[in-house]
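Engineer: Next up, model-v8.csv (CSV, C-alpha atoms and all ligand atoms).
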chain,number,residue,atom,x,y,z
A,1,MET,CA,-19.9,-28.7,68.2
A,2,ILE,CA,-20.5,-26.8,71.4
A,3,GLN,CA,-17.0,-25.4,71.4
A,4,PHE,CA,-17.4,-23.6,68.1
A,5,PRO,CA,-19.7,-20.7,69.1
A,6,PHE,CA,-17.8,-20.2,72.3
A,7,PHE,CA,-14.7,-19.9,70.3
A,8,LEU,CA,-16.4,-17.3,68.0
A,9,ILE,CA,-17.7,-15.4,71.0
A,10,SER,CA,-14.3,-15.2,72.5
A,11,ILE,CA,-12.8,-14.0,69.2
A,12,PHE,CA,-15.4,-11.2,69.1
A,13,SER,CA,-15.0,-10.2,72.6
A,14,LEU,CA,-11.2,-10.3,72.3
A,15,LEU,CA,-11.4,-8.1,69.2
A,16,SER,CA,-13.6,-5.6,70.9
A,17,LEU,CA,-11.4,-5.6,73.9
A,18,LEU,CA,-8.3,-5.1,71.8
A,19,ASN,CA,-10.0,-2.2,70.0
A,20,ALA,CA,-10.9,-0.6,73.3
A,21,ALA,CA,-7.5,-1.5,74.6
A,22,SER,CA,-5.8,0.6,72.1
A,23,LEU,CA,-8.4,3.4,71.8
A,24,ILE,CA,-8.1,4.3,75.5
A,25,PRO,CA,-4.3,4.3,75.7
A,26,ASP,CA,-4.0,6.2,72.4
A,27,THR,CA,-6.5,8.8,73.5
A,28,CYS,CA,-5.0,9.2,76.9
A,29,SER,CA,-1.5,9.6,75.4
A,30,GLU,CA,-2.8,12.4,73.2
A,31,ILE,CA,-4.5,14.1,76.2
A,32,VAL,CA,-1.5,13.8,78.4
A,33,HIS,CA,0.7,15.2,75.7
A,34,SER,CA,-1.2,18.4,75.5
A,35,ASP,CA,-2.3,18.7,79.2
A,36,ARG,CA,0.1,18.5,82.0
A,37,ASN,CA,-2.7,18.4,84.6
A,38,VAL,CA,-3.7,14.9,83.6
A,39,GLU,CA,-1.7,11.8,84.5
A,40,TYR,CA,-1.6,9.0,82.0
A,41,ASP,CA,-2.3,6.2,84.4
A,42,PHE,CA,-5.2,8.1,85.9
A,43,CYS,CA,-6.7,8.7,82.5
A,44,VAL,CA,-6.5,5.1,81.5
A,45,LYS,CA,-7.7,3.8,84.8
A,46,VAL,CA,-10.7,6.0,85.0
A,47,LEU,CA,-11.9,5.4,81.5
A,48,VAL,CA,-11.4,1.6,81.7
A,49,SER,CA,-13.4,1.6,85.0
A,50,ASP,CA,-16.5,2.6,83.1
A,51,PRO,CA,-18.3,-0.5,81.6
A,52,GLY,CA,-19.3,1.6,78.6
A,53,SER,CA,-15.7,2.0,77.5
A,54,ALA,CA,-15.4,-1.7,76.6
A,55,THR,CA,-17.7,-1.1,73.6
A,56,ALA,CA,-16.6,2.4,72.8
A,57,THR,CA,-15.1,2.6,69.3
A,58,THR,CA,-14.7,6.4,68.9
A,59,VAL,CA,-13.0,9.2,70.8
A,60,ALA,CA,-16.4,11.0,71.0
A,61,GLN,CA,-17.9,8.0,72.9
A,62,LEU,CA,-15.0,8.1,75.4
A,63,GLY,CA,-15.6,11.8,75.7
A,64,SER,CA,-19.2,11.3,76.7
A,65,ILE,CA,-18.1,8.7,79.2
A,66,SER,CA,-15.7,11.2,80.8
A,67,PHE,CA,-18.5,13.8,81.1
A,68,GLN,CA,-20.7,11.1,82.8
A,69,LEU,CA,-18.0,10.1,85.2
A,70,GLY,CA,-17.4,13.8,86.2
A,71,LEU,CA,-21.1,14.2,86.6
A,72,SER,CA,-21.5,11.2,88.9
A,73,GLU,CA,-18.5,12.4,90.8
A,74,THR,CA,-20.1,15.8,91.6
A,75,LYS,CA,-22.9,13.8,93.1
A,76,THR,CA,-20.6,11.6,95.2
A,77,ILE,CA,-18.8,14.8,96.5
A,78,SER,CA,-22.1,16.5,97.3
A,79,SER,CA,-23.2,13.6,99.4
A,80,LYS,CA,-19.8,13.4,101.1
A,81,ILE,CA,-20.2,17.2,101.9
A,82,GLY,CA,-23.7,16.4,103.3
A,83,THR,CA,-22.2,13.8,105.6
A,84,LEU,CA,-19.4,16.1,106.7
A,85,LEU,CA,-21.9,18.8,107.5
A,86,GLN,CA,-23.7,16.6,109.9
A,87,ASP,CA,-20.7,16.3,112.2
A,88,PRO,CA,-21.6,18.2,115.4
A,89,LYS,CA,-18.0,18.9,116.2
A,90,LEU,CA,-17.5,20.7,112.9
A,91,ASP,CA,-15.5,23.9,113.1
A,92,PRO,CA,-17.6,26.9,112.1
A,93,SER,CA,-15.2,28.1,109.4
A,94,ASP,CA,-15.0,24.6,107.9
A,95,LYS,CA,-18.8,24.6,108.0
A,96,ASP,CA,-18.9,27.7,105.9
A,97,ALA,CA,-16.3,26.4,103.6
A,98,LEU,CA,-18.2,23.1,103.1
A,99,LYS,CA,-21.4,25.0,102.3
A,100,SER,CA,-19.5,27.1,99.7
A,101,CYS,CA,-18.1,24.0,98.2
A,102,SER,CA,-21.5,22.4,98.1
A,103,GLY,CA,-22.8,25.5,96.2
A,104,ILE,CA,-20.1,25.5,93.6
A,105,TYR,CA,-20.2,21.7,93.1
A,106,LEU,CA,-23.9,22.1,92.3
A,107,GLU,CA,-22.8,24.6,89.6
A,108,ALA,CA,-20.2,22.1,88.4
A,109,GLN,CA,-23.0,19.5,88.2
A,110,LYS,CA,-25.2,21.8,86.1
A,111,ASP,CA,-22.2,22.6,83.9
A,112,LEU,CA,-21.4,19.0,83.2
A,113,GLU,CA,-25.1,18.1,82.6
A,114,GLU,CA,-25.2,20.9,80.0
A,115,GLY,CA,-21.8,20.0,78.7
A,116,LEU,CA,-22.7,16.4,78.2
A,117,LYS,CA,-25.8,17.4,76.2
A,118,ALA,CA,-23.7,19.7,74.1
A,119,PHE,CA,-21.0,17.1,73.7
A,120,LYS,CA,-23.4,14.5,72.5
A,121,SER,CA,-24.9,16.8,70.0
A,122,GLY,CA,-21.4,17.7,68.6
A,123,ASP,CA,-21.4,21.3,70.0
A,124,TYR,CA,-17.8,21.0,71.3
A,125,SER,CA,-17.4,24.7,71.7
A,126,LYS,CA,-20.3,24.8,74.2
A,127,ALA,CA,-19.1,21.6,75.8
A,128,ASN,CA,-15.7,23.2,76.2
A,129,LYS,CA,-17.2,26.2,78.0
A,130,MET,CA,-19.1,24.0,80.3
A,131,ALA,CA,-16.1,21.8,81.1
A,132,ASN,CA,-14.1,25.0,81.7
A,133,GLY,CA,-16.6,26.1,84.3
A,134,ALA,CA,-16.4,22.7,86.1
A,135,VAL,CA,-12.6,22.4,86.1
A,136,ILE,CA,-12.1,25.5,88.3
A,137,VAL,CA,-14.5,24.3,91.0
A,138,PRO,CA,-12.2,21.8,92.9
A,139,THR,CA,-9.5,24.4,93.1
A,140,ALA,CA,-11.9,27.1,94.4
A,141,CYS,CA,-13.2,24.6,96.9
A,142,GLU,CA,-9.8,23.5,98.0
A,143,PHE,CA,-8.8,27.1,98.8
A,144,MET,CA,-11.8,27.6,101.1
A,145,PHE,CA,-10.1,25.6,103.8
A,146,ALA,CA,-7.0,25.9,105.8
A,147,GLN,CA,-7.0,22.1,106.1
A,148,SER,CA,-9.2,20.7,103.4
A,149,PRO,CA,-11.2,17.5,104.2
A,150,LEU,CA,-11.9,17.2,100.5
A,151,SER,CA,-8.4,17.2,99.0
A,152,LYS,CA,-8.7,13.7,97.6
A,153,GLU,CA,-12.1,14.3,96.1
A,154,ASN,CA,-11.1,17.7,94.7
A,155,ASP,CA,-8.0,16.3,93.1
A,156,TYR,CA,-9.9,13.4,91.6
A,157,PHE,CA,-12.6,15.6,90.2
A,158,PHE,CA,-10.1,18.1,88.9
A,159,GLN,CA,-8.4,15.5,86.8
A,160,LEU,CA,-11.7,14.1,85.6
A,161,ALA,CA,-13.0,17.6,84.5
A,162,ALA,CA,-9.6,18.3,82.9
A,163,ILE,CA,-10.0,15.1,80.9
A,164,SER,CA,-13.5,16.2,79.7
A,165,LEU,CA,-12.1,19.6,78.8
A,166,ASP,CA,-9.3,17.9,76.8
A,167,PHE,CA,-11.8,15.8,74.9
A,168,THR,CA,-13.6,18.9,73.8
A,169,ASP,CA,-10.2,20.3,72.7
A,170,LEU,CA,-9.3,17.1,71.0
A,171,LEU,CA,-12.5,17.0,68.9
A,172,SER,CA,-12.5,20.7,67.9
A,173,LYS,CA,-9.6,22.9,67.7
A,174,ILE,CA,-11.1,25.7,69.7
A,175,THR,CA,-9.2,28.9,70.0
A,176,ILE,CA,-11.2,31.0,72.4
A,177,SER,CA,-9.2,32.1,75.4
A,178,PRO,CA,-10.2,29.8,78.3
A,179,THR,CA,-9.1,32.3,81.0
A,180,GLN,CA,-11.5,34.9,79.6
A,181,TYR,CA,-14.3,32.5,80.3
A,182,LEU,CA,-12.9,31.5,83.7
A,183,ASP,CA,-13.2,35.1,84.9
A,184,LEU,CA,-16.8,35.4,84.0
A,185,LYS,CA,-17.6,32.0,85.4
A,186,LEU,CA,-16.0,32.8,88.7
A,187,VAL,CA,-18.0,36.0,89.0
A,188,PHE,CA,-21.1,34.1,88.2
A,189,ILE,CA,-20.5,31.4,90.7
A,190,CYS,CA,-19.6,33.8,93.4
A,191,SER,CA,-22.6,36.1,92.8
A,192,SER,CA,-25.1,33.2,92.6
A,193,PHE,CA,-23.6,31.7,95.7
A,194,PHE,CA,-23.8,34.8,97.7
A,195,TYR,CA,-27.3,35.5,96.4
A,196,LYS,CA,-28.4,32.1,97.8
A,197,MET,CA,-26.7,32.7,101.1
A,198,GLU,CA,-28.3,36.1,101.5
A,199,TYR,CA,-31.7,34.7,100.7
A,200,ASN,CA,-31.5,31.6,102.9
A,201,TYR,CA,-29.4,33.0,105.8
A,202,MET,CA,-30.2,36.6,106.2
A,203,SER,CA,-28.3,36.9,109.4
A,204,GLN,CA,-25.1,35.5,107.8
A,205,ILE,CA,-24.8,38.2,105.3
A,206,PHE,CA,-22.6,40.2,107.7
A,207,ILE,CA,-20.4,37.3,108.4
A,208,ILE,CA,-19.9,36.9,104.7
A,209,LEU,CA,-19.2,40.5,104.1
A,210,PHE,CA,-16.8,41.0,106.9
A,211,VAL,CA,-15.3,37.6,107.5
A,212,ALA,CA,-15.7,35.3,104.6
A,213,LEU,CA,-14.9,37.7,101.9
A,214,PRO,CA,-11.5,38.9,103.3
A,215,LEU,CA,-10.7,35.2,104.1
A,216,ALA,CA,-11.6,34.1,100.6
A,217,LYS,CA,-9.5,36.9,99.3
A,218,ALA,CA,-6.4,35.6,101.2
A,219,ARG,CA,-7.1,32.1,100.0
A,220,ASN,CA,-7.5,33.3,96.5
A,221,LEU,CA,-4.0,34.8,96.3
A,222,VAL,CA,-2.8,31.7,94.5
A,223,THR,CA,-5.8,31.5,92.1
A,224,ASP,CA,-5.6,35.2,91.4
A,225,THR,CA,-1.9,35.2,90.8
A,226,CYS,CA,-2.1,32.1,88.6
A,227,MET,CA,-5.0,33.6,86.7
A,228,LYS,CA,-2.9,36.7,86.0
A,229,ILE,CA,0.2,34.9,84.9
A,230,SER,CA,-1.6,32.3,82.8
A,231,LYS,CA,-3.4,35.1,81.1
A,232,ALA,CA,-0.1,36.9,80.3
A,233,ASP,CA,1.4,33.7,78.9
A,234,PRO,CA,-1.3,31.3,78.0
A,235,GLU,CA,1.0,29.3,75.8
A,236,ASN,CA,3.3,28.2,78.5
A,237,ILE,CA,1.4,28.6,81.8
A,238,LYS,CA,-1.7,26.5,82.3
A,239,TYR,CA,-3.9,27.9,85.1
A,240,GLY,CA,-4.5,24.4,86.6
A,241,PHE,CA,-0.8,23.5,86.6
A,242,CYS,CA,0.0,26.8,88.3
A,243,VAL,CA,-2.5,26.3,91.0
A,244,LYS,CA,-1.5,22.7,91.5
A,245,THR,CA,2.2,23.7,91.7
A,246,PHE,CA,1.5,26.1,94.5
A,247,GLY,CA,-1.0,23.7,96.0
A,248,SER,CA,1.9,21.1,96.3
A,249,ASP,CA,3.6,23.4,98.8
A,250,PRO,CA,1.9,23.9,102.1
A,251,ARG,CA,3.5,27.3,102.5
A,252,SER,CA,1.2,28.6,99.8
A,253,THR,CA,-1.9,28.5,102.0
A,254,LYS,CA,-0.2,30.8,104.5
A,255,ALA,CA,1.1,33.2,101.8
A,256,SER,CA,-0.3,36.6,102.1
A,257,SER,CA,1.5,38.4,99.3
A,258,VAL,CA,2.8,37.8,95.8
A,259,ASP,CA,6.3,38.2,97.2
A,260,GLU,CA,5.8,35.1,99.3
A,261,LEU,CA,4.6,33.2,96.2
A,262,VAL,CA,7.8,34.3,94.5
A,263,ASP,CA,9.9,32.7,97.2
A,264,ILE,CA,7.9,29.5,96.9
A,265,SER,CA,8.1,29.4,93.1
A,266,PHE,CA,11.9,30.0,93.1
A,267,ASN,CA,12.3,27.3,95.7
A,268,LEU,CA,10.3,24.8,93.7
A,269,THR,CA,12.2,25.6,90.5
A,270,SER,CA,15.5,25.3,92.4
A,271,SER,CA,14.5,22.1,94.0
A,272,LYS,CA,13.6,20.6,90.6
A,273,SER,CA,16.9,21.8,89.2
A,274,LYS,CA,18.7,20.1,92.1
A,275,SER,CA,16.7,16.9,91.8
A,276,ILE,CA,17.4,16.6,88.0
A,277,THR,CA,21.2,17.1,88.7
A,278,SER,CA,21.1,14.4,91.3
A,279,THR,CA,19.1,12.0,89.0
A,280,ILE,CA,21.8,12.6,86.3
A,281,ASN,CA,24.8,12.1,88.6
A,282,GLN,CA,23.4,9.4,90.9
A,283,VAL,CA,21.4,7.3,88.5
A,284,LEU,CA,21.8,8.0,84.8
A,285,LEU,CA,25.5,8.4,84.6
A,286,LYS,CA,25.9,5.2,86.6
A,287,ASP,CA,23.8,3.3,84.0
A,288,PRO,CA,26.1,1.4,81.6
A,289,LYS,CA,23.4,1.5,78.9
A,290,PHE,CA,24.3,5.0,77.8
A,291,ASP,CA,26.9,5.4,75.1
A,292,PRO,CA,29.7,8.0,75.1
A,293,PHE,CA,27.5,10.5,73.2
A,294,ALA,CA,24.6,10.2,75.7
A,295,ARG,CA,27.0,10.4,78.6
A,296,SER,CA,28.5,13.6,77.4
A,297,ALA,CA,25.0,15.0,76.8
A,298,LEU,CA,24.1,14.0,80.3
A,299,GLU,CA,27.2,15.7,81.7
A,300,THR,CA,26.3,18.9,79.7
A,301,CYS,CA,22.8,18.8,81.3
A,302,SER,CA,24.2,18.3,84.7
A,303,ASP,CA,26.4,21.4,84.3
A,304,LEU,CA,23.5,23.4,82.9
A,305,TYR,CA,21.4,22.6,85.9
A,306,SER,CA,24.1,23.2,88.4
A,307,ASP,CA,24.8,26.7,86.9
A,308,GLY,CA,21.0,27.2,86.8
A,309,LEU,CA,20.8,27.0,90.6
A,310,ASP,CA,23.2,29.9,90.8
A,311,ASP,CA,21.2,31.9,88.2
A,312,LEU,CA,18.0,31.4,90.2
A,313,GLN,CA,19.6,32.4,93.4
A,314,THR,CA,21.2,35.5,92.0
A,315,GLY,CA,18.0,36.3,90.1
A,316,LEU,CA,15.9,36.1,93.2
A,317,GLU,CA,18.3,38.3,95.1
A,318,ALA,CA,18.3,40.9,92.3
A,319,LEU,CA,14.5,40.8,92.2
A,320,LYS,CA,14.3,41.5,95.9
A,321,GLY,CA,16.9,44.3,95.5
A,322,GLY,CA,14.8,45.9,92.8
A,323,ASP,CA,17.4,45.2,90.1
A,324,PHE,CA,14.9,43.9,87.4
A,325,PRO,CA,17.3,43.8,84.4
A,326,THR,CA,19.6,41.4,86.2
A,327,ALA,CA,16.7,39.4,87.6
A,328,MET,CA,15.1,39.0,84.2
A,329,SER,CA,18.4,38.0,82.5
A,330,ARG,CA,19.3,35.5,85.2
A,331,VAL,CA,15.9,33.9,85.4
A,332,SER,CA,15.6,33.7,81.6
A,333,ALA,CA,19.0,32.0,81.5
A,334,ALA,CA,17.9,29.5,84.1
A,335,LEU,CA,14.7,28.9,82.2
A,336,ASP,CA,16.6,27.9,79.0
A,337,ASN,CA,18.2,25.0,80.7
A,338,GLY,CA,15.2,22.7,80.1
A,339,PRO,CA,15.1,23.2,76.3
A,340,ASP,CA,18.9,23.5,76.1
A,341,CYS,CA,19.4,20.1,77.8
A,342,GLU,CA,16.8,18.5,75.6
A,343,ASP,CA,18.6,20.0,72.5
A,344,THR,CA,21.9,18.4,73.4
A,345,PHE,CA,20.4,15.0,72.7
A,346,LYS,CA,18.9,16.1,69.4
A,347,GLU,CA,22.4,16.8,68.1
A,348,LYS,CA,22.7,13.1,67.2
A,349,GLU,CA,20.1,11.6,64.9
A,350,GLY,CA,18.0,9.0,66.6
A,351,GLU,CA,19.2,9.8,70.1
A,352,VAL,CA,16.4,9.7,72.6
A,353,SER,CA,16.6,12.0,75.6
A,354,PRO,CA,16.0,10.2,78.9
A,355,LEU,CA,15.2,13.6,80.5
A,356,THR,CA,12.3,14.8,78.3
A,357,LYS,CA,9.7,14.7,81.1
A,358,GLU,CA,12.0,16.2,83.7
A,359,ASN,CA,13.2,19.0,81.3
A,360,ASP,CA,9.6,19.8,80.5
A,361,GLU,CA,8.5,19.9,84.1
A,362,TYR,CA,11.4,22.1,85.0
A,363,PHE,CA,10.7,24.4,82.1
A,364,HIS,CA,7.1,24.9,83.2
A,365,LEU,CA,8.1,25.6,86.8
A,366,ALA,CA,10.7,28.1,85.7
A,367,VAL,CA,8.2,29.8,83.4
A,368,ILE,CA,6.1,30.5,86.5
A,369,SER,CA,9.2,32.0,88.3
A,370,LEU,CA,9.9,34.2,85.3
A,371,SER,CA,6.3,35.3,84.9
A,372,LEU,CA,6.2,36.3,88.6
A,373,THR,CA,9.4,38.3,88.0
A,374,VAL,CA,7.7,40.1,85.2
A,375,LEU,CA,4.6,40.6,87.3
A,376,LEU,CA,6.6,42.3,90.1
A,377,LYS,CA,8.4,44.4,87.6
A,378,LYS,CA,5.2,46.1,86.5
B,1,LIG,C1,13.3,25.2,99.6
B,1,LIG,O1,12.8,25.5,100.9
B,1,LIG,C2,13.1,24.5,101.9
B,1,LIG,C3,12.3,24.9,103.2
B,1,LIG,O2,12.5,26.3,103.5
B,1,LIG,C4,14.6,24.4,102.1
B,1,LIG,O3,14.9,23.5,103.1
B,1,LIG,C5,15.2,24.1,100.8
B,1,LIG,O4,16.6,24.1,101.0
B,1,LIG,C6,14.9,25.0,99.7
B,1,LIG,N1,15.4,24.5,98.5
B,1,LIG,C7,16.1,25.2,97.6
B,1,LIG,C8,16.6,24.5,96.5
B,1,LIG,O5,16.4,26.4,97.8
In structure tokens, write the structure found in this file.

Structural biologist:
Amino acid sequence: MIQFPFFLISIFSLLSLLNAASLIPDTCSEIVHSDRNVEYDFCVKVLVSDPGSATATTVAQLGSISFQLGLSETKTISSKIGTLLQDPKLDPSDKDALKSCSGIYLEAQKDLEEGLKAFKSGDYSKANKMANGAVIVPTACEFMFAQSPLSKENDYFFQLAAISLDFTDLLSKITISPTQYLDLKLVFICSSFFYKMEYNYMSQIFIILFVALPLAKARNLVTDTCMKISKADPENIKYGFCVKTFGSDPRSTKASSVDELVDISFNLTSSKSKSITSTINQVLLKDPKFDPFARSALETCSDLYSDGLDDLQTGLEALKGGDFPTAMSRVSAALDNGPDCEDTFKEKEGEVSPLTKENDEYFHLAVISLSLTVLLKK
């Protein structure tokens, strides 16, 4: 007798668990598919971590949860900044940077509060704008430091905010240009931040004008450049991916000109090309599970990527020598290797490319190199 209701309860909880169990992975797959900034495992982990997700039955409910998670993270980060600021041994420039971060995280908090409200009322276009405002904050904060004490937090928040942004995209097919909004938002954040500083710390205004601004400018080389190229090619270059790409290379923080970013970008693209070639030759071609068709496709890809290295090298040299036509044609040729490799697998029906992710990553890195080439040409 007693066992019966227990049995029913477990069936119910099992059913609701199963439902959530497929809703979250499905939604995360969709998000990851359209946004390279978000990692699938992160998306699933973070949504599952919220108790509310167990009973969520719609994408909109998960979206609200993601806004709430972002919101609570802004508070966690603000309190961490408060703790860091109490350190008496704090370097003065880090202190300024922390204060700046604190100011912009406050803006992010307001954005997400408003965004959550808009999201719940179904105004996805407004929620999208708000999430867009929040998503740039961690990058802006990261670039305030030479050695950021908030890297982990910034990265975590970046992904969370990106997920919220993706939910708004998922629920409405919004076509306003996000970068357009980013510009306005940056100006707003900076002006309100400097206004507050001036008001609260009269004596610091000179420091801001003569020290912080030029410093911020150097740190913003990456964000500015990424803004420019993502605006020029919004289809292929995501601002966040671009900043993250440069952020992955410590040389970016020291870069003082676009030329140096060009070197870094070509280096990253070449390294990817090299790593794909070695994955093919050292791992995939040694795997007996591939049939003769797949093996020959893999060999084609290996050749493409080896030749691509030469194209990138020659392209970079041509660019430095001012020979733009050669630079453009070599870099474009190198860029095509990603899609070309992918296509070799499509020649046989039902064949699945084992390199889809790699080809896609390479392509996006190479697009950045090509866009920078175009940028320098102008
Ligand atoms: C990229 O730069 C590093 C450091 O300068 C260098 O060791 C490496 O060989 C470069 N990679 C390529 C593929 O050019």

Engineer: When you count only C-alpha atoms, which of these residues is closest to Ser164 (chain A): A:Leu319, A:Ile65, A:Val283, A:Ile104?

Structural biologist: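 For Ser164 (chain A), the nearest of the candidates is A:Ile65.
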
Engineer: When the cut-off is 8 Å and you count all atoms listed in the file, which residues lie near ligand LIG 1 (chain B), shown as number ranges by chain?

Structural biologist: A: 264, 266-274, 309

Engineer: Excluding Ala294 (chain A) and any residue of its chain fewer than 2 positions from it, enumerate the residues within 12 Å of it, using only C-alpha atoms, and give them as a VMD selection string.

Structural biologist: chain A and resid 280 284 to 285 287 to 292 296 to 301 341 to 355

Engineer: Give me a file of those residues, with C-alpha atoms, as a CSV table (one decimal), in the frame of the given file.

Structural biologist:
chain,number,residue,atom,x,y,z
A,280,ILE,CA,21.8,12.6,86.3
A,284,LEU,CA,21.8,8.0,84.8
A,285,LEU,CA,25.5,8.4,84.6
A,287,ASP,CA,23.8,3.3,84.0
A,288,PRO,CA,26.1,1.4,81.6
A,289,LYS,CA,23.4,1.5,78.9
A,290,PHE,CA,24.3,5.0,77.8
A,291,ASP,CA,26.9,5.4,75.1
A,292,PRO,CA,29.7,8.0,75.1
A,296,SER,CA,28.5,13.6,77.4
A,297,ALA,CA,25.0,15.0,76.8
A,298,LEU,CA,24.1,14.0,80.3
A,299,GLU,CA,27.2,15.7,81.7
A,300,THR,CA,26.3,18.9,79.7
A,301,CYS,CA,22.8,18.8,81.3
A,341,CYS,CA,19.4,20.1,77.8
A,342,GLU,CA,16.8,18.5,75.6
A,343,ASP,CA,18.6,20.0,72.5
A,344,THR,CA,21.9,18.4,73.4
A,345,PHE,CA,20.4,15.0,72.7
A,346,LYS,CA,18.9,16.1,69.4
A,347,GLU,CA,22.4,16.8,68.1
A,348,LYS,CA,22.7,13.1,67.2
A,349,GLU,CA,20.1,11.6,64.9
A,350,GLY,CA,18.0,9.0,66.6
A,351,GLU,CA,19.2,9.8,70.1
A,352,VAL,CA,16.4,9.7,72.6
A,353,SER,CA,16.6,12.0,75.6
A,354,PRO,CA,16.0,10.2,78.9
A,355,LEU,CA,15.2,13.6,80.5

Engineer: Just give me the gap between CA of Tyr40 (chain A) and CA of Phe363 (chain A) in Å, one decimal is fine.

Structural biologist: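 Taking CA of Tyr40 (chain A) and CA of Phe363 (chain A), their separation equals 19.7 Å.
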
Engineer: What is the CA of Cys226 (chain A)-CA of Tyr239 (chain A) distance in Å, reported with one decimal?

Structural biologist: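 Between CA of Cys226 (chain A) and CA of Tyr239 (chain A) the gap is 5.8 Å.
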
Engineer: Quick one: residues within 12 Å of region 152-156 of chain A, all atoms listed in the file counted, chain neighbours fewer than 5 positions away excluded, as a ChimeraX atom specification?

Structural biologist: /A:37-39,42-43,45-46,69-70,73-81,101-102,104-105,108,134-144,161-163,240,243-244,247-248

Engineer: List the spatial neighbours of region 23-32 of chain A as number ranges by chain - criterion: any atom at most 8 Å away, all atoms listed in the file, same-chain residues fewer than 2 positions off excluded.

Structural biologist: A: 19-21, 34-40, 43-44, 47-48, 57-59, 62, 163, 166-167, 170

Engineer: Leaving out Asp336 (chain A) and any residue of its chain fewer than 4 positions from it, which residues lie within 12 Å of it when counting all atoms listed in the file, given as a list of chain:residue names?

Structural biologist: A:Ser273, A:Cys301, A:Leu304, A:Tyr305, A:Asp307, A:Gly308, A:Asp311, A:Leu312, A:Ser329, A:Arg330, A:Val331, A:Ser332, A:Asp340, A:Cys341, A:Glu342, A:Asp343, A:Asn359, A:Asp360, A:Tyr362, A:Phe363, A:His364, A:Leu365, A:Ala366, A:Val367, A:Leu370

Engineer: To one decimal in Å, tell me the separation between CA of Thr83 (chain A) and CA of Pro51 (chain A).

Structural biologist: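 Computed distance, CA of Thr83 (chain A) to CA of Pro51 (chain A), equals 28.2 Å.
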
Engineer: Between A:His33, A:Ala131, A:Pro88, A:Lys110, which one has atoms that come closest to Ser66 (chain A), using all atoms listed in the file?

Structural biologist: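 With all atoms listed in the file as the atom set, the closest residue is A:Ala131.
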
Engineer: Between A:Leu171, A:Ala255, A:Leu221, A:Leu112, which one has atoms that come closest to Gln61 (chain A), using all atoms listed in the file?

Structural biologist: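 Among the listed residues, the smallest separation from Gln61 (chain A) belongs to A:Leu171.
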
Engineer: Using all atoms listed in the file for the distances, tell me which of A:Ser125, A:Leu372, A:Pro234, A:Lys228 is nearest to Phe324 (chain A).

Structural biologist: A:Leu372

Engineer: Under the rule that only C-alpha atoms are counted, which of A:Ser256, A:Ile276, A:Lys377, A:Gln282 is the nearest residue to Thr356 (chain A)?

Structural biologist: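 With only C-alpha atoms as the atom set, the closest residue is A:Ile276.
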
Engineer: Quick one: residues within 12 Å of Lys254 (chain A), all atoms listed in the file counted, chain neighbours fewer than 2 positions away excluded, as number ranges by chain?

Structural biologist: A: 143, 145-147, 215, 218-222, 246-247, 249-252, 256-258, 260-261, 264
